[in-house]
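Quick notes on the structure that follows.
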Amino acid sequence: MATALFCGDIAFDVALRVPRFPDPDQKTHAFEHLVSAGGVAANAAVACARQGVDTALLAVVGDDVFGVYATDHLAACGVDVTGVTTTPGMTALSVCTLAEDGEKRLVYTSSVSQYPPLERVRDAELGGVDWIHTSCLHPEGAAVLAERARAAGIAMSIDLEPLALAHGMDALAPALHGAAVVFLNERTTAEIGDVHGFAARHRLRSVVRTGGLRGATLTYGSGEIAVPPPTGRIIDTTGAGDCLAGVYIARALSGSDPHSSLRAAVASATYACGHLGAQGGYPDRPTTDELLVDADAWPQDRDTNLRKPKP
């Protein structure tokens, strides 16, 4: 069975829904809450595992209760955490408060759990791995992982977050070169500008651009396919992009073509936005399949080039 390896960050997430934000020196009671593991890599790994694909995580946590809880939570979600190690320090902590009117406030701590040490990336066992997904927040580590993936013929995808762009494209280029997919959010896309030129420079097979409530766009060569989201209730968009990436990878590993993989990913991410927290609404495979069957809920996809992308 295909195996996906996710490399990157872990956090301890607390999500709270409140009637309104308290004034100074006041408190309010949350009417809904969620405590879970979080982080870009961890979220995407859970989304992939929920789709029935064997999923492993290469990461590090601090030697605190948050690290223990996050690791146990991921294991309970079906993620192989044998590649998660512990180091002295604090695991990242994220607290998200969401008011009924949709306003969100997020507090995040820096920590030791942002990316595994370089030696762990160099020594990670890749036997049996069919897909590797990582961020570029640690360009040197991502480059080592990408080089190993290319040498082993393993498909590689990159979550290119806005913070990674601060390293400069020269530093990011070794990790990006030849990637099967690069995922961009709206802010990253705006900073990059010419997506087709970006893809050509780094010899990317495809780029997936997320557009929030507008869905996502698949760029492949000179063509594009825009996949709008199905109708659905939106409560919390936290972790929606991570869900999209994890489901896309799972579907690609299960044999779906890129267009079908993106439709499943957009449907799953939209469904997740109807629930509190990053992982609170990540659907399993049967749920995603049901969402795809409900064609009446979908606007029509737009293909700007009749030449379909190759699987």
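Just so we're on the same page: first chain in the structure tokens is A, next is B, and so on; residues restart at 1 for each chain, and ligands are numbered from 1 in the order they show up.
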Quiz item: Neighbours of A:Arg148 within 10 Å (only C-alpha atoms; same-chain residues fewer than 5 positions away dropped), as number ranges by chain?
Solution: A: 121-122, 124, 126, 142-143, 153-154
Quiz item: In Å to one decimal, how far is atom CA of A:Gly8 from atom CA of A:Asp72?
Solution: 17.0 Å
Quiz item: Rounded to one decimal in Å, what is the spacing between atom CA of A:Ala99 and atom CA of A:Leu213?
Solution: 19.0 Å
Quiz item: Any idea what's packed within 10 Å of stretch 279-294 of chain A, counting only C-alpha atoms, ignoring anything in its chain fewer than 3 positions away? Could you give it as a PyMOL selection string?
Solution: chain A and resi 13+15+33-38+42-44+46-53+77+230+236+238-240+242-244+246-247+250-251+260+263-276+297-298
Self-check item: Residue neighbourhood A:Leu16, 8 Å, only C-alpha atoms, exclusion window fewer than 2 positions, as a ChimeraX atom specification
Solution: /A:14,18,30-34,95-98,276
Please produce an output containing all heavy atoms for each residue in the selection, written as a PDB file, in the first residue's frame.
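To be explicit, this is the file written out as again-v1.pdb:
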ATOM      1  N   VAL A  14      -5.441  24.724  20.680  1.00  0.00           N
ATOM      2  CA  VAL A  14      -6.659  24.952  21.451  1.00  0.00           C
ATOM      3  C   VAL A  14      -7.543  25.894  20.635  1.00  0.00           C
ATOM      4  O   VAL A  14      -7.112  26.996  20.267  1.00  0.00           O
ATOM      5  CB  VAL A  14      -6.377  25.580  22.823  1.00  0.00           C
ATOM      6  CG1 VAL A  14      -7.688  25.811  23.580  1.00  0.00           C
ATOM      7  CG2 VAL A  14      -5.444  24.703  23.634  1.00  0.00           C
ATOM      8  N   VAL A  18     -16.624  31.580  21.076  1.00  0.00           N
ATOM      9  CA  VAL A  18     -17.192  32.414  22.144  1.00  0.00           C
ATOM     10  C   VAL A  18     -18.290  33.301  21.575  1.00  0.00           C
ATOM     11  O   VAL A  18     -18.293  33.613  20.373  1.00  0.00           O
ATOM     12  CB  VAL A  18     -16.104  33.294  22.797  1.00  0.00           C
ATOM     13  CG1 VAL A  18     -15.059  32.421  23.494  1.00  0.00           C
ATOM     14  CG2 VAL A  18     -15.437  34.200  21.772  1.00  0.00           C
ATOM     15  N   ALA A  30     -16.557  29.893  26.660  1.00  0.00           N
ATOM     16  CA  ALA A  30     -16.643  29.268  25.345  1.00  0.00           C
ATOM     17  C   ALA A  30     -17.810  28.287  25.321  1.00  0.00           C
ATOM     18  O   ALA A  30     -17.993  27.507  26.255  1.00  0.00           O
ATOM     19  CB  ALA A  30     -15.346  28.550  25.022  1.00  0.00           C
ATOM     20  N   PHE A  31     -18.601  28.342  24.261  1.00  0.00           N
ATOM     21  CA  PHE A  31     -19.703  27.385  24.137  1.00  0.00           C
ATOM     22  C   PHE A  31     -19.316  26.179  23.298  1.00  0.00           C
ATOM     23  O   PHE A  31     -20.065  25.229  23.173  1.00  0.00           O
ATOM     24  CB  PHE A  31     -20.961  28.055  23.577  1.00  0.00           C
ATOM     25  CG  PHE A  31     -20.805  28.653  22.211  1.00  0.00           C
ATOM     26  CD1 PHE A  31     -20.982  27.883  21.075  1.00  0.00           C
ATOM     27  CD2 PHE A  31     -20.514  29.997  22.060  1.00  0.00           C
ATOM     28  CE1 PHE A  31     -20.849  28.427  19.822  1.00  0.00           C
ATOM     29  CE2 PHE A  31     -20.392  30.559  20.799  1.00  0.00           C
ATOM     30  CZ  PHE A  31     -20.559  29.773  19.667  1.00  0.00           C
ATOM     31  N   GLU A  32     -18.102  26.217  22.701  1.00  0.00           N
ATOM     32  CA  GLU A  32     -17.583  25.067  21.986  1.00  0.00           C
ATOM     33  C   GLU A  32     -16.064  25.147  22.013  1.00  0.00           C
ATOM     34  O   GLU A  32     -15.497  26.236  21.931  1.00  0.00           O
ATOM     35  CB  GLU A  32     -18.070  25.062  20.527  1.00  0.00           C
ATOM     36  CG  GLU A  32     -17.660  23.826  19.737  1.00  0.00           C
ATOM     37  CD  GLU A  32     -18.166  23.853  18.305  1.00  0.00           C
ATOM     38  OE1 GLU A  32     -18.823  24.826  17.908  1.00  0.00           O
ATOM     39  OE2 GLU A  32     -17.878  22.882  17.565  1.00  0.00           O
ATOM     40  N   HIS A  33     -15.416  23.998  22.159  1.00  0.00           N
ATOM     41  CA  HIS A  33     -13.952  24.008  22.179  1.00  0.00           C
ATOM     42  C   HIS A  33     -13.420  22.716  21.562  1.00  0.00           C
ATOM     43  O   HIS A  33     -14.125  21.719  21.480  1.00  0.00           O
ATOM     44  CB  HIS A  33     -13.411  24.174  23.602  1.00  0.00           C
ATOM     45  CG  HIS A  33     -13.610  22.958  24.465  1.00  0.00           C
ATOM     46  ND1 HIS A  33     -14.792  22.680  25.115  1.00  0.00           N
ATOM     47  CD2 HIS A  33     -12.763  21.936  24.769  1.00  0.00           C
ATOM     48  CE1 HIS A  33     -14.674  21.548  25.779  1.00  0.00           C
ATOM     49  NE2 HIS A  33     -13.458  21.073  25.595  1.00  0.00           N
ATOM     50  N   LEU A  34     -12.158  22.791  21.141  1.00  0.00           N
ATOM     51  CA  LEU A  34     -11.490  21.630  20.584  1.00  0.00           C
ATOM     52  C   LEU A  34     -10.021  21.690  20.972  1.00  0.00           C
ATOM     53  O   LEU A  34      -9.374  22.728  20.823  1.00  0.00           O
ATOM     54  CB  LEU A  34     -11.612  21.615  19.055  1.00  0.00           C
ATOM     55  CG  LEU A  34     -10.883  20.470  18.335  1.00  0.00           C
ATOM     56  CD1 LEU A  34     -11.624  19.151  18.543  1.00  0.00           C
ATOM     57  CD2 LEU A  34     -10.757  20.759  16.840  1.00  0.00           C
ATOM     58  N   VAL A  95      -3.372  29.020  20.230  1.00  0.00           N
ATOM     59  CA  VAL A  95      -4.693  29.256  20.811  1.00  0.00           C
ATOM     60  C   VAL A  95      -5.484  30.124  19.841  1.00  0.00           C
ATOM     61  O   VAL A  95      -5.078  31.257  19.530  1.00  0.00           O
ATOM     62  CB  VAL A  95      -4.608  29.944  22.184  1.00  0.00           C
ATOM     63  CG1 VAL A  95      -6.014  30.188  22.736  1.00  0.00           C
ATOM     64  CG2 VAL A  95      -3.797  29.100  23.161  1.00  0.00           C
ATOM     65  N   CYS A  96      -6.594  29.593  19.345  1.00  0.00           N
ATOM     66  CA  CYS A  96      -7.442  30.304  18.389  1.00  0.00           C
ATOM     67  C   CYS A  96      -8.802  30.547  19.031  1.00  0.00           C
ATOM     68  O   CYS A  96      -9.454  29.612  19.501  1.00  0.00           O
ATOM     69  CB  CYS A  96      -7.604  29.480  17.110  1.00  0.00           C
ATOM     70  SG  CYS A  96      -8.716  30.223  15.892  1.00  0.00           S
ATOM     71  N   THR A  97      -9.218  31.817  19.063  1.00  0.00           N
ATOM     72  CA  THR A  97     -10.526  32.184  19.595  1.00  0.00           C
ATOM     73  C   THR A  97     -11.378  32.734  18.464  1.00  0.00           C
ATOM     74  O   THR A  97     -10.958  33.639  17.745  1.00  0.00           O
ATOM     75  CB  THR A  97     -10.393  33.237  20.708  1.00  0.00           C
ATOM     76  OG1 THR A  97      -9.477  32.767  21.694  1.00  0.00           O
ATOM     77  CG2 THR A  97     -11.734  33.477  21.382  1.00  0.00           C
ATOM     78  N   LEU A  98     -12.568  32.173  18.313  1.00  0.00           N
ATOM     79  CA  LEU A  98     -13.444  32.519  17.202  1.00  0.00           C
ATOM     80  C   LEU A  98     -14.771  33.008  17.754  1.00  0.00           C
ATOM     81  O   LEU A  98     -15.452  32.292  18.493  1.00  0.00           O
ATOM     82  CB  LEU A  98     -13.673  31.301  16.310  1.00  0.00           C
ATOM     83  CG  LEU A  98     -14.489  31.488  15.042  1.00  0.00           C
ATOM     84  CD1 LEU A  98     -13.704  32.321  14.036  1.00  0.00           C
ATOM     85  CD2 LEU A  98     -14.847  30.132  14.442  1.00  0.00           C
ATOM     86  N   LEU A 276     -15.244  23.440  13.966  1.00  0.00           N
ATOM     87  CA  LEU A 276     -14.274  24.212  14.739  1.00  0.00           C
ATOM     88  C   LEU A 276     -12.914  23.541  14.717  1.00  0.00           C
ATOM     89  O   LEU A 276     -12.797  22.323  14.810  1.00  0.00           O
ATOM     90  CB  LEU A 276     -14.753  24.336  16.190  1.00  0.00           C
ATOM     91  CG  LEU A 276     -13.841  25.111  17.142  1.00  0.00           C
ATOM     92  CD1 LEU A 276     -13.744  26.577  16.747  1.00  0.00           C
ATOM     93  CD2 LEU A 276     -14.341  24.987  18.591  1.00  0.00           C
TER      94      LEU A 276
END
Exercise. Determine, counting only C-alpha atoms, which protein, DNA and RNA residues have an atom within 9 Å of an atom of stretch 186-201 of chain A; residues of the same chain fewer than 4 positions away are not included. Present the result as a PyMOL selection string.
Key: chain A and resi 160-163+165+177+182+205-207+209-212+219-223
Now that the selection is made, can you save its residues with C-alpha atoms as an mmCIF file, in the first residue's frame?
data_model
loop_
_atom_site.group_PDB
_atom_site.id
_atom_site.type_symbol
_atom_site.label_atom_id
_atom_site.label_comp_id
_atom_site.auth_asym_id
_atom_site.auth_seq_id
_atom_site.Cartn_x
_atom_site.Cartn_y
_atom_site.Cartn_z
ATOM 1 C CA LEU A 160 5.222 27.101 0.260
ATOM 2 C CA GLU A 161 4.085 29.354 3.081
ATOM 3 C CA PRO A 162 4.509 33.148 2.974
ATOM 4 C CA LEU A 163 7.052 33.039 5.828
ATOM 5 C CA LEU A 165 9.645 33.492 1.064
ATOM 6 C CA HIS A 177 13.266 21.869 -8.163
ATOM 7 C CA VAL A 182 3.750 23.058 -4.906
ATOM 8 C CA ARG A 205 5.014 19.383 -12.621
ATOM 9 C CA SER A 206 2.068 21.313 -11.173
ATOM 10 C CA VAL A 207 1.051 24.097 -8.805
ATOM 11 C CA ARG A 209 -3.229 27.652 -5.636
ATOM 12 C CA THR A 210 -5.811 27.875 -2.865
ATOM 13 C CA GLY A 211 -8.244 30.758 -3.028
ATOM 14 C CA GLY A 212 -10.170 30.543 0.221
ATOM 15 C CA THR A 219 -1.733 24.923 -12.929
ATOM 16 C CA TYR A 220 -0.013 22.408 -15.215
ATOM 17 C CA GLY A 221 2.247 23.488 -18.066
ATOM 18 C CA SER A 222 0.377 26.186 -19.959
ATOM 19 C CA GLY A 223 -3.078 25.163 -18.741
#
Quiz item: Near A:Thr71, within 12 Å and counting only C-alpha atoms, which residues show up once chain neighbours fewer than 4 positions away are dropped, as a count of residues only?
Solution: 36
Quiz item: Mind checking DSSP for stretch 21-115 of chain A and telling me the alpha helix (DSSP H) residues as a PyMOL selection string?
Solution: chain A and resi 40-50+65-76
Practice problem: Using backbone DSSP assignments, extract all strand (DSSP E) residues from stretch 33-274 of chain A; output them as a PyMOL selection string. | Solution: chain A and resi 33-38+54-62+79-80+84-87+92-99+104-108+131-135+155-160+181-184+207-210+216-220+223-227
Self-check item: Atomic distance atom CA of A:Val40 - atom CA of A:Gly241, expressed in Å with one decimal
Solution: 8.7 Å
